[in-house]
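File shown: upload01.tsv (TSV, C-alpha atoms).
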chain	number	residue	atom	x	y	z
R	1	MET	CA	-32.39	30.76	1.09
R	2	ALA	CA	-29.53	31.33	3.50
R	3	ARG	CA	-27.38	28.73	1.73
R	4	LYS	CA	-28.12	30.21	-1.70
R	5	SER	CA	-27.27	33.68	-0.43
R	6	LEU	CA	-24.02	32.44	1.07
R	7	ARG	CA	-23.03	30.67	-2.17
R	8	ALA	CA	-23.90	33.73	-4.19
R	9	GLY	CA	-21.81	35.83	-1.82
R	10	VAL	CA	-18.81	33.51	-2.21
R	11	VAL	CA	-19.08	33.54	-6.00
R	12	PHE	CA	-19.44	37.34	-6.00
R	13	LEU	CA	-16.40	37.70	-3.72
R	14	LEU	CA	-14.36	35.36	-5.91
R	15	ALA	CA	-15.37	37.25	-9.05
R	16	ALA	CA	-14.49	40.55	-7.37
R	17	THR	CA	-11.09	39.16	-6.27
R	18	LEU	CA	-10.29	37.89	-9.74
R	19	GLY	CA	-11.37	41.22	-11.21
R	20	LEU	CA	-9.06	43.04	-8.83
R	21	LEU	CA	-6.14	40.83	-9.83
R	22	LEU	CA	-6.79	41.53	-13.48
R	23	ALA	CA	-7.00	45.25	-12.77
R	24	GLN	CA	-3.65	45.11	-10.99
R	25	GLY	CA	-2.05	43.21	-13.85
R	26	GLN	CA	-1.40	40.13	-11.68
R	27	ILE	CA	-1.96	36.48	-12.57
R	28	SER	CA	-5.56	35.37	-12.03
R	29	VAL	CA	-7.09	31.96	-11.37
R	30	GLY	CA	-7.36	30.04	-14.63
R	31	GLU	CA	-5.28	32.56	-16.60
R	32	GLY	CA	-3.49	30.81	-19.43
R	33	SER	CA	-6.29	28.30	-20.03
R	34	PRO	CA	-6.68	27.23	-23.67
R	35	ASP	CA	-10.32	28.39	-23.81
R	36	SER	CA	-13.14	29.87	-21.73
R	37	VAL	CA	-14.57	26.46	-20.83
R	38	VAL	CA	-11.33	25.30	-19.21
R	39	LEU	CA	-10.96	28.70	-17.56
R	40	GLY	CA	-14.38	28.23	-15.96
R	41	LEU	CA	-13.41	24.78	-14.71
R	42	PHE	CA	-10.32	26.19	-12.98
R	43	VAL	CA	-12.39	28.96	-11.35
R	44	GLN	CA	-14.96	26.40	-10.12
R	45	ALA	CA	-12.28	24.11	-8.69
R	46	PHE	CA	-10.65	27.06	-6.91
R	47	ALA	CA	-13.94	27.85	-5.15
R	48	ARG	CA	-14.72	24.23	-4.25
R	49	ASN	CA	-14.46	23.06	-0.63
R	50	ASP	CA	-11.78	24.98	1.29
R	51	PHE	CA	-9.12	25.25	-1.42
R	52	SER	CA	-9.47	29.03	-1.76
R	53	ALA	CA	-9.11	29.47	2.02
R	54	ASN	CA	-5.77	27.65	2.09
R	55	VAL	CA	-3.92	29.34	-0.75
R	56	SER	CA	-2.78	32.89	-1.34
R	57	LEU	CA	-3.45	35.03	-4.39
R	58	PRO	CA	-2.20	35.70	-6.95
R	59	PRO	CA	-1.49	32.15	-8.16
R	60	LYS	CA	2.15	31.10	-8.32
R	61	THR	CA	1.95	30.37	-12.07
R	62	LYS	CA	-0.39	30.71	-14.98
R	63	VAL	CA	-2.17	27.64	-16.29
R	64	ARG	CA	0.46	25.78	-18.26
R	65	ARG	CA	0.63	22.67	-20.38
R	66	VAL	CA	2.27	19.71	-18.58
R	67	GLY	CA	2.21	16.39	-20.41
R	68	PRO	CA	-1.38	15.27	-21.10
R	69	GLY	CA	-3.08	18.13	-19.25
R	70	TYR	CA	-2.93	21.58	-17.62
R	71	VAL	CA	-1.59	22.72	-14.24
R	72	GLN	CA	-1.76	25.92	-12.18
R	73	ASP	CA	0.35	26.18	-9.00
R	74	PHE	CA	-0.48	28.10	-5.83
R	75	ASN	CA	1.36	29.17	-2.68
R	76	ASP	CA	0.19	28.11	0.78
R	77	ILE	CA	-1.50	30.92	2.70
R	78	ASN	CA	0.51	29.80	5.74
R	79	THR	CA	4.10	30.74	4.90
R	80	GLU	CA	5.49	28.65	7.77
R	81	ARG	CA	3.64	25.51	6.69
R	82	ALA	CA	4.28	26.25	3.00
R	83	TYR	CA	2.53	23.25	1.48
R	84	PRO	CA	2.47	23.03	-2.33
R	85	TRP	CA	-1.00	23.41	-3.88
R	86	ALA	CA	-2.24	22.99	-7.45
R	87	LEU	CA	-5.29	22.81	-9.67
R	88	VAL	CA	-4.92	20.28	-12.48
R	89	LYS	CA	-6.90	19.22	-15.53
R	90	PRO	CA	-6.19	15.96	-17.35
R	91	ASP	CA	-7.01	15.82	-21.06
R	92	SER	CA	-9.07	12.67	-20.38
R	93	VAL	CA	-11.96	14.45	-18.60
R	94	GLU	CA	-13.69	17.82	-18.61
R	95	ALA	CA	-12.91	18.56	-14.95
R	96	VAL	CA	-10.27	20.28	-12.85
R	97	PHE	CA	-9.08	18.62	-9.63
R	98	GLN	CA	-7.37	19.88	-6.50
R	99	MET	CA	-3.99	18.63	-5.24
R	100	CYS	CA	-2.14	19.53	-2.11
R	101	CYS	CA	0.45	18.97	0.53
R	102	GLU	CA	2.36	15.72	1.05
R	103	ILE	CA	0.36	14.03	-1.73
R	104	LEU	CA	1.51	16.62	-4.26
R	105	THR	CA	5.09	16.45	-2.94
R	106	LEU	CA	5.23	12.65	-3.30
R	107	HIS	CA	3.55	12.88	-6.71
R	108	ALA	CA	6.33	15.18	-7.93
R	109	SER	CA	9.02	12.79	-6.65
R	110	ILE	CA	7.71	9.76	-8.57
R	111	GLY	CA	7.38	11.25	-12.02
R	112	SER	CA	4.72	13.91	-11.62
R	113	PHE	CA	2.23	14.50	-14.45
R	114	THR	CA	4.51	13.17	-17.20
R	115	GLY	CA	5.48	9.97	-15.36
R	116	GLN	CA	3.79	6.71	-14.44
R	117	ILE	CA	1.35	8.26	-11.97
R	118	ALA	CA	0.04	11.00	-14.33
R	119	TYR	CA	-3.07	13.01	-13.40
R	120	PRO	CA	-5.64	12.48	-10.63
R	121	VAL	CA	-9.18	11.36	-11.45
R	122	GLY	CA	-10.78	13.18	-8.51
R	123	ASP	CA	-10.14	15.49	-5.56
R	124	PRO	CA	-8.44	14.08	-2.43
R	125	ARG	CA	-10.85	12.18	-0.14
R	126	SER	CA	-10.33	12.73	3.59
R	127	GLU	CA	-11.09	10.78	6.78
R	128	ILE	CA	-10.95	7.29	5.28
R	129	VAL	CA	-10.76	4.84	8.20
R	130	SER	CA	-8.22	2.01	8.48
R	131	ALA	CA	-9.75	-1.40	9.19
R	132	VAL	CA	-6.60	-2.31	11.12
R	133	ASP	CA	-6.33	0.41	13.78
R	134	GLY	CA	-9.05	2.96	13.07
R	135	THR	CA	-6.65	5.74	12.07
R	136	LEU	CA	-7.63	8.16	9.30
R	137	SER	CA	-6.09	8.95	5.94
R	138	THR	CA	-6.52	11.20	2.94
R	139	GLN	CA	-6.40	9.38	-0.39
R	140	GLN	CA	-6.27	10.47	-4.00
R	141	ASN	CA	-6.77	8.22	-7.02
R	142	PHE	CA	-4.91	8.62	-10.30
R	143	GLU	CA	-5.07	7.56	-13.91
R	144	GLY	CA	-3.99	3.96	-14.43
R	145	GLY	CA	-5.59	2.89	-11.15
R	146	HIS	CA	-2.79	4.19	-8.92
R	147	ALA	CA	-3.35	5.84	-5.53
R	148	ILE	CA	-1.52	7.95	-2.95
R	149	VAL	CA	-2.41	7.55	0.73
R	150	LEU	CA	-1.58	10.23	3.32
R	151	HIS	CA	-1.78	9.16	6.99
R	152	GLN	CA	-3.75	11.60	9.13
R	153	GLY	CA	-2.89	9.92	12.44
R	154	GLY	CA	-0.96	7.17	14.17
R	155	THR	CA	2.69	6.19	13.79
R	156	TYR	CA	2.91	7.39	10.19
R	157	LEU	CA	1.16	10.75	10.68
R	158	GLY	CA	1.97	13.11	7.80
R	159	GLN	CA	3.61	10.41	5.65
R	160	ALA	CA	2.35	9.63	2.14
R	161	PHE	CA	2.76	6.36	0.22
R	162	PHE	CA	2.22	5.45	-3.44
R	163	VAL	CA	0.28	2.28	-4.28
R	164	ARG	CA	0.56	1.39	-7.96
R	165	ASN	CA	-1.08	-1.18	-10.11
R	166	PRO	CA	-1.09	-4.15	-9.82
R	167	TYR	CA	-0.95	-3.72	-6.02
R	168	VAL	CA	-4.05	-1.48	-5.92
R	169	THR	CA	-6.56	-4.21	-6.83
R	170	PRO	CA	-5.68	-6.71	-4.06
R	171	TRP	CA	-5.19	-3.83	-1.61
R	172	ARG	CA	-8.74	-2.60	-2.16
R	173	ALA	CA	-10.09	-6.16	-2.05
R	174	VAL	CA	-8.53	-7.01	1.34
R	175	PRO	CA	-9.52	-4.46	4.04
R	176	ALA	CA	-7.37	-6.33	6.57
R	177	LEU	CA	-4.28	-4.92	4.83
R	178	GLY	CA	-5.06	-1.40	6.10
R	179	PHE	CA	-3.00	1.55	4.86
R	180	PRO	CA	0.43	1.25	3.18
R	181	ILE	CA	3.35	1.90	5.53
R	182	GLY	CA	6.17	1.81	3.01
R	183	GLN	CA	6.93	2.33	-0.64
R	184	GLU	CA	7.35	-0.62	-3.00
R	185	ARG	CA	10.80	-2.23	-2.62
R	186	ASN	CA	12.90	-5.04	-4.06
R	187	THR	CA	13.44	-8.10	-1.86
R	188	THR	CA	14.89	-11.62	-2.05
R	189	SER	CA	13.44	-14.63	-0.25
R	190	ARG	CA	15.32	-17.27	1.75
R	191	PHE	CA	15.21	-19.41	-1.39
R	192	SER	CA	16.94	-16.70	-3.51
R	193	THR	CA	13.69	-15.89	-5.32
R	194	THR	CA	13.47	-12.19	-6.20
R	195	GLY	CA	10.40	-10.06	-5.86
R	196	THR	CA	8.96	-6.61	-5.22
R	197	GLN	CA	6.80	-6.07	-2.19
R	198	GLN	CA	4.84	-3.39	-0.40
R	199	ASP	CA	4.15	-3.42	3.32
R	200	PHE	CA	0.82	-2.46	4.87
R	201	GLN	CA	-0.46	-2.04	8.41
R	202	GLY	CA	-1.88	-5.54	8.44
R	203	GLY	CA	-0.06	-7.41	5.74
R	204	VAL	CA	2.13	-7.49	2.67
R	205	ILE	CA	1.68	-7.85	-1.10
R	206	VAL	CA	4.48	-9.66	-2.96
R	207	GLN	CA	5.03	-9.77	-6.71
R	208	ILE	CA	7.50	-12.51	-7.65
R	209	THR	CA	10.00	-11.51	-10.34
R	210	SER	CA	12.03	-14.70	-10.91
R	211	GLY	CA	11.51	-18.41	-11.34
R	212	ALA	CA	8.45	-20.35	-12.45
R	213	ARG	CA	6.06	-17.97	-10.63
R	214	SER	CA	7.51	-14.75	-12.06
R	215	GLY	CA	4.77	-12.15	-12.43
R	216	GLN	CA	2.49	-13.75	-9.83
R	217	LEU	CA	1.08	-11.53	-7.07
R	218	TYR	CA	0.21	-12.81	-3.60
R	219	THR	CA	-1.29	-11.19	-0.49
R	220	VAL	CA	-0.56	-12.16	3.12
R	221	SER	CA	-2.81	-10.62	5.77
R	222	GLY	CA	-4.62	-11.13	9.08
R	223	PRO	CA	-3.50	-13.84	11.58
R	224	ILE	CA	-1.36	-15.55	8.92
R	225	TYR	CA	0.55	-12.31	8.33
R	226	ALA	CA	0.99	-11.78	12.09
R	227	ARG	CA	2.84	-15.11	12.33
R	228	TYR	CA	4.68	-14.58	9.01
R	229	PHE	CA	5.97	-11.20	10.18
R	230	GLN	CA	6.90	-12.57	13.61
R	231	ILE	CA	9.24	-15.23	12.20
R	232	GLY	CA	10.94	-12.95	9.66
R	233	ALA	CA	8.62	-12.97	6.63
R	234	GLY	CA	10.43	-13.72	3.34
R	235	SER	CA	13.82	-14.12	5.02
R	236	SER	CA	12.49	-16.89	7.27
R	237	PHE	CA	12.41	-20.60	6.43
R	238	LEU	CA	9.05	-20.00	4.73
R	239	GLY	CA	10.31	-17.66	1.99
R	240	TYR	CA	7.70	-16.04	-0.27
R	241	PRO	CA	4.02	-16.98	-0.50
R	242	ILE	CA	3.20	-19.25	-3.46
R	243	GLY	CA	-0.57	-19.03	-3.19
R	244	ASP	CA	-3.33	-17.03	-1.58
R	245	GLU	CA	-5.05	-17.88	1.71
R	246	MET	CA	-7.59	-20.71	1.45
R	247	THR	CA	-9.93	-22.76	3.65
R	248	ILE	CA	-9.16	-26.46	4.16
R	249	SER	CA	-11.27	-28.57	6.55
R	250	GLY	CA	-12.33	-25.54	8.56
R	251	ARG	CA	-8.81	-24.14	8.88
R	252	GLN	CA	-7.32	-21.15	7.10
R	253	GLN	CA	-4.07	-22.01	5.34
R	254	GLN	CA	-1.54	-20.32	3.08
R	255	ASN	CA	1.36	-22.05	1.34
R	256	PHE	CA	4.88	-20.64	1.08
R	257	GLU	CA	8.09	-21.71	-0.64
R	258	GLY	CA	9.30	-23.49	2.49
R	259	GLY	CA	6.11	-24.59	4.22
R	260	LEU	CA	2.74	-23.26	5.33
R	261	ILE	CA	0.93	-21.21	7.97
R	262	GLU	CA	-2.49	-22.22	9.26
R	263	TYR	CA	-4.97	-21.41	12.01
R	264	THR	CA	-8.51	-22.24	13.12
R	265	PRO	CA	-10.85	-19.21	13.04
R	266	GLY	CA	-12.58	-18.55	16.34
R	267	SER	CA	-10.24	-20.79	18.34
R	268	GLY	CA	-8.36	-17.90	19.91
R	269	LEU	CA	-5.10	-19.66	19.09
R	270	PRO	CA	-2.36	-17.97	17.03
R	271	ALA	CA	-1.48	-19.18	13.55
R	272	GLU	CA	1.15	-21.92	13.31
R	273	ALA	CA	4.04	-21.98	10.85
R	274	ARG	CA	5.00	-25.41	9.56
R	275	ALA	CA	7.88	-26.48	7.34
R	276	PRO	CA	7.78	-29.83	5.49
R	277	VAL	CA	10.15	-32.48	6.81
R	278	ALA	CA	12.98	-33.22	4.37
R	279	SER	CA	15.19	-35.49	6.49
R	280	VAL	CA	15.48	-37.26	9.85
R	281	ARG	CA	18.74	-37.93	11.70
R	282	ILE	CA	19.25	-40.47	14.52
R	283	ASP	CA	21.94	-39.74	17.11
R	284	ALA	CA	23.76	-43.08	16.66
R	285	ALA	CA	24.92	-45.52	14.03
R	286	PRO	CA	22.82	-48.65	13.34
R	287	LEU	CA	23.08	-51.28	16.06
R	288	SER	CA	21.84	-54.78	16.89
R	289	LEU	CA	19.85	-55.54	20.06
R	290	GLN	CA	19.22	-58.76	21.90
R	291	VAL	CA	15.59	-59.56	22.68
R	292	GLY	CA	14.60	-57.69	25.83
R	293	ASN	CA	17.36	-55.09	25.66
R	294	VAL	CA	16.41	-51.39	25.67
R	295	VAL	CA	18.33	-48.46	24.27
R	296	GLN	CA	17.36	-44.76	24.04
R	297	ARG	CA	17.92	-42.78	20.87
R	298	THR	CA	17.04	-39.21	19.75
R	299	ALA	CA	15.64	-38.27	16.36
R	300	GLU	CA	16.20	-34.79	14.87
R	301	VAL	CA	13.93	-33.52	12.11
R	302	PHE	CA	15.12	-31.03	9.42
R	303	ASP	CA	13.57	-29.02	6.61
R	304	SER	CA	15.00	-28.66	3.10
R	305	LEU	CA	17.37	-25.86	4.20
R	306	GLY	CA	18.80	-27.89	7.08
R	307	ASN	CA	16.85	-26.00	9.77
R	308	THR	CA	15.58	-28.00	12.73
R	309	VAL	CA	11.81	-28.56	12.58
R	310	LEU	CA	10.18	-28.61	16.01
R	311	GLY	CA	6.89	-30.01	17.25
R	312	ARG	CA	6.63	-32.94	14.84
R	313	PRO	CA	5.82	-36.42	16.15
R	314	VAL	CA	8.32	-39.15	15.24
R	315	THR	CA	7.05	-42.68	14.66
R	316	TRP	CA	9.44	-45.54	15.41
R	317	THR	CA	9.15	-48.81	13.45
R	318	THR	CA	11.16	-51.98	13.08
R	319	SER	CA	11.64	-54.43	10.25
R	320	ASN	CA	12.04	-57.39	12.65
R	321	ARG	CA	9.71	-57.75	15.65
R	322	LEU	CA	10.88	-61.33	16.50
Can you give me the file's structure in the form of structure tokens?
Amino acid sequence: MARKSLRAGVVFLLAATLGLLLAQGQISVGEGSPDSVVLGLFVQAFARNDFSANVSLPPKTKVRRVGPGYVQDFNDINTERAYPWALVKPDSVEAVFQMCCEILTLHASIGSFTGQIAYPVGDPRSEIVSAVDGTLSTQQNFEGGHAIVLHQGGTYLGQAFFVRNPYVTPWRAVPALGFPIGQERNTTSRFSTTGTQQDFQGGVIVQITSGARSGQLYTVSGPIYARYFQIGAGSSFLGYPIGDEMTISGRQQQNFEGGLIEYTPGSGLPAEARAPVASVRIDAAPLSLQVGNVVQRTAEVFDSLGNTVLGRPVTWTTSNRL
């Protein structure tokens, strides 16, 4: 009964506030809606959660048409903080959603409601935990499968990042990636292959944009990413990934343009980066030996880019053992 009375009191107070605004000739919540149904949806969204406690009345604007939907803007109740706030209704659903703060600011900078990101498909969801370091985030999902992630703690506190399709699907499928820590950017590998990539707390997603693998998307995460990042990622002798992580004879392995990284789960040992051997050089010209003579020579091993490859055994053979 107490909860019902409290809810009834909130609704009554909201109705009284809106009535006062109308009496004063000021803009009211939902004013400008195309019909009474949409008006009711805006009023309901305003009262949901703590939205009404964080914005000031009257609203900043009337409900207005923006691309494929409707938007009403609000001012932050804290004039020093001055976050942007909005209630928005996409044409695709009979619902009005809340938007706020750094998420709304980033949304406006990447095309807003008429651009690629379009309208949200739900309210922001808070206190989502990172599988990498346990920090929290607020996330909001958008039409087309896109998402915006706002860090609530850690190194990137208060920063928001946009994750678009096709990055969203592998990001959600690999918890070890954690939260995004950068916007999508153009890069070039050591092998002059071009791509776009997005960095995450525990990995990277690369979409190749040139060559035979153009359009392919690959994820690097976990211990393999730790080693990949340590040696310089795509600018290292490995270049871009050319396949996803796989299990071979009990070891985890991922192939790259210039080699591979592998490790044994549970061994406690770090992942190893290996480049294929392309050439071997001996430190002297060919020579002839008498039986019983001994001479010492050094072999250097190189990859396809001319980099020295370390830690590879060299086998010595002869064509004449007589």
Show me, as number ranges by chain, the residues that have an atom within 8 Å of segment 185-190 of chain R when counting all atoms listed in the file, minus same-chain residues fewer than 2 positions from it. R: 183, 192-198, 234-240
Would you write out those residues with C-alpha atoms, as a PDB file, in the coordinates of the input?
ATOM      1  CA  GLN R 183       6.930   2.330  -0.640  1.00  0.00           C
ATOM      2  CA  SER R 192      16.940 -16.700  -3.510  1.00  0.00           C
ATOM      3  CA  THR R 193      13.690 -15.890  -5.320  1.00  0.00           C
ATOM      4  CA  THR R 194      13.470 -12.190  -6.200  1.00  0.00           C
ATOM      5  CA  GLY R 195      10.400 -10.060  -5.860  1.00  0.00           C
ATOM      6  CA  THR R 196       8.960  -6.610  -5.220  1.00  0.00           C
ATOM      7  CA  GLN R 197       6.800  -6.070  -2.190  1.00  0.00           C
ATOM      8  CA  GLN R 198       4.840  -3.390  -0.400  1.00  0.00           C
ATOM      9  CA  GLY R 234      10.430 -13.720   3.340  1.00  0.00           C
ATOM     10  CA  SER R 235      13.820 -14.120   5.020  1.00  0.00           C
ATOM     11  CA  SER R 236      12.490 -16.890   7.270  1.00  0.00           C
ATOM     12  CA  PHE R 237      12.410 -20.600   6.430  1.00  0.00           C
ATOM     13  CA  LEU R 238       9.050 -20.000   4.730  1.00  0.00           C
ATOM     14  CA  GLY R 239      10.310 -17.660   1.990  1.00  0.00           C
ATOM     15  CA  TYR R 240       7.700 -16.040  -0.270  1.00  0.00           C
TER      16      TYR R 240
END
If you count all atoms listed in the file, which residues fall within 8 Å of Arg64 of chain R, apart from same-chain ones fewer than 5 positions away, as a PyMOL selection string? chain R and resi 32-33+70-72
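Every protein or nucleic acid residue with an atom no more than 12 Å from Val295 of chain R, counting all atoms listed in the file and leaving out same-chain residues fewer than 5 positions away, appears here: Asp283, Ala284, Pro286, Leu287, Ser288, Leu289 and Gln290 of chain R.
Taking atom CA of Ala82 of chain R as the reference point, atom CA of Val55 of chain R is found at 9.5 Å.
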Go through segment 118-164 of chain R residue by residue and, counting all atoms listed in the file, keep those with an atom at most 10 Å from segment 199-216 of chain R; for each kept residue give the shortest atom pair and its distance in Å to one decimal, ordered by chain and increasing number, as a tab-separated table.
residue	atom	partner	partner_atom	distance
R:Ser130	CA	R:Gln201	CA	8.8
R:Ala131	CA	R:Gly202	CA	8.9
R:Val132	CA	R:Gly202	CA	6.3
R:Asp133	CA	R:Gln201	CA	8.3
Shortest contact to Ser109 of chain R, candidates R:Phe162, R:Gln230, R:Glu257, R:Asn78, atoms counted only C-alpha atoms, goes to R:Phe162
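Among the candidate residues R:Gly144, R:Lys60, R:Arg65, R:Gln159, the one lying nearest to Cys101 of chain R is R:Gln159, with distances computed using only C-alpha atoms.
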*If we count only C-alpha atoms, what is near Arg251 of chain R at a cut-off of 9 Å, once residues fewer than 4 positions away on the same chain are taken out, given as an NGL selection string?*
:R and (246-247 or 262-265)
Would you fill the gaps in segment 175-184 of chain R so it has all heavy atoms, then print it as a compact mmCIF listing (two decimals), in the coordinates of the input?
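And here's result_37.txt as it stands now:
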# COMPACT_ATOMS: atom_id res chain seq x y z
N PRO R 175 -9.55 -5.52 3.03
CA PRO R 175 -9.52 -4.46 4.04
C PRO R 175 -8.54 -4.72 5.17
O PRO R 175 -8.01 -3.77 5.77
CB PRO R 175 -10.96 -4.42 4.55
CG PRO R 175 -11.78 -4.97 3.43
CD PRO R 175 -10.92 -6.02 2.79
N ALA R 176 -8.27 -5.99 5.48
CA ALA R 176 -7.37 -6.33 6.57
C ALA R 176 -5.95 -5.85 6.34
O ALA R 176 -5.14 -5.81 7.27
CB ALA R 176 -7.36 -7.85 6.80
N LEU R 177 -5.60 -5.46 5.11
CA LEU R 177 -4.28 -4.92 4.83
C LEU R 177 -4.10 -3.54 5.46
O LEU R 177 -2.99 -3.14 5.82
CB LEU R 177 -4.04 -4.82 3.32
CG LEU R 177 -3.75 -6.14 2.59
CD1 LEU R 177 -3.78 -5.91 1.09
CD2 LEU R 177 -2.40 -6.71 3.01
N GLY R 178 -5.18 -2.76 5.57
CA GLY R 178 -5.06 -1.40 6.10
C GLY R 178 -4.36 -0.47 5.14
O GLY R 178 -4.36 -0.68 3.91
N PHE R 179 -3.70 0.56 5.68
CA PHE R 179 -3.00 1.55 4.86
C PHE R 179 -1.57 1.09 4.56
O PHE R 179 -0.97 0.37 5.36
CB PHE R 179 -2.94 2.89 5.58
CG PHE R 179 -4.27 3.50 5.92
CD1 PHE R 179 -4.42 4.33 7.01
CD2 PHE R 179 -5.39 3.24 5.13
CE1 PHE R 179 -5.64 4.88 7.33
CE2 PHE R 179 -6.62 3.79 5.43
CZ PHE R 179 -6.75 4.62 6.54
N PRO R 180 -0.99 1.53 3.44
CA PRO R 180 0.43 1.25 3.18
C PRO R 180 1.31 1.95 4.21
O PRO R 180 0.99 3.05 4.67
CB PRO R 180 0.65 1.82 1.78
CG PRO R 180 -0.41 2.86 1.62
CD PRO R 180 -1.60 2.36 2.37
N ILE R 181 2.40 1.31 4.57
CA ILE R 181 3.35 1.90 5.53
C ILE R 181 4.76 1.93 4.97
O ILE R 181 5.74 2.13 5.69
CB ILE R 181 3.33 1.15 6.89
CG1 ILE R 181 3.65 -0.33 6.69
CG2 ILE R 181 1.98 1.31 7.57
CD1 ILE R 181 3.83 -1.10 7.98
N GLY R 182 4.88 1.74 3.68
CA GLY R 182 6.17 1.81 3.01
C GLY R 182 5.96 1.87 1.51
O GLY R 182 4.89 1.51 1.01
N GLN R 183 6.99 2.34 0.81
CA GLN R 183 6.93 2.33 -0.64
C GLN R 183 7.31 0.94 -1.16
O GLN R 183 7.92 0.14 -0.45
CB GLN R 183 7.88 3.39 -1.22
CG GLN R 183 7.77 4.77 -0.60
CD GLN R 183 6.43 5.47 -0.87
OE1 GLN R 183 5.54 4.93 -1.50
NE2 GLN R 183 6.30 6.68 -0.35
N GLU R 184 6.96 0.64 -2.37
CA GLU R 184 7.35 -0.62 -3.00
C GLU R 184 8.87 -0.77 -2.96
O GLU R 184 9.61 0.19 -3.17
CB GLU R 184 6.86 -0.62 -4.44
CG GLU R 184 7.23 -1.84 -5.24
CD GLU R 184 6.84 -1.71 -6.70
OE1 GLU R 184 6.01 -0.84 -7.02
OE2 GLU R 184 7.39 -2.46 -7.52
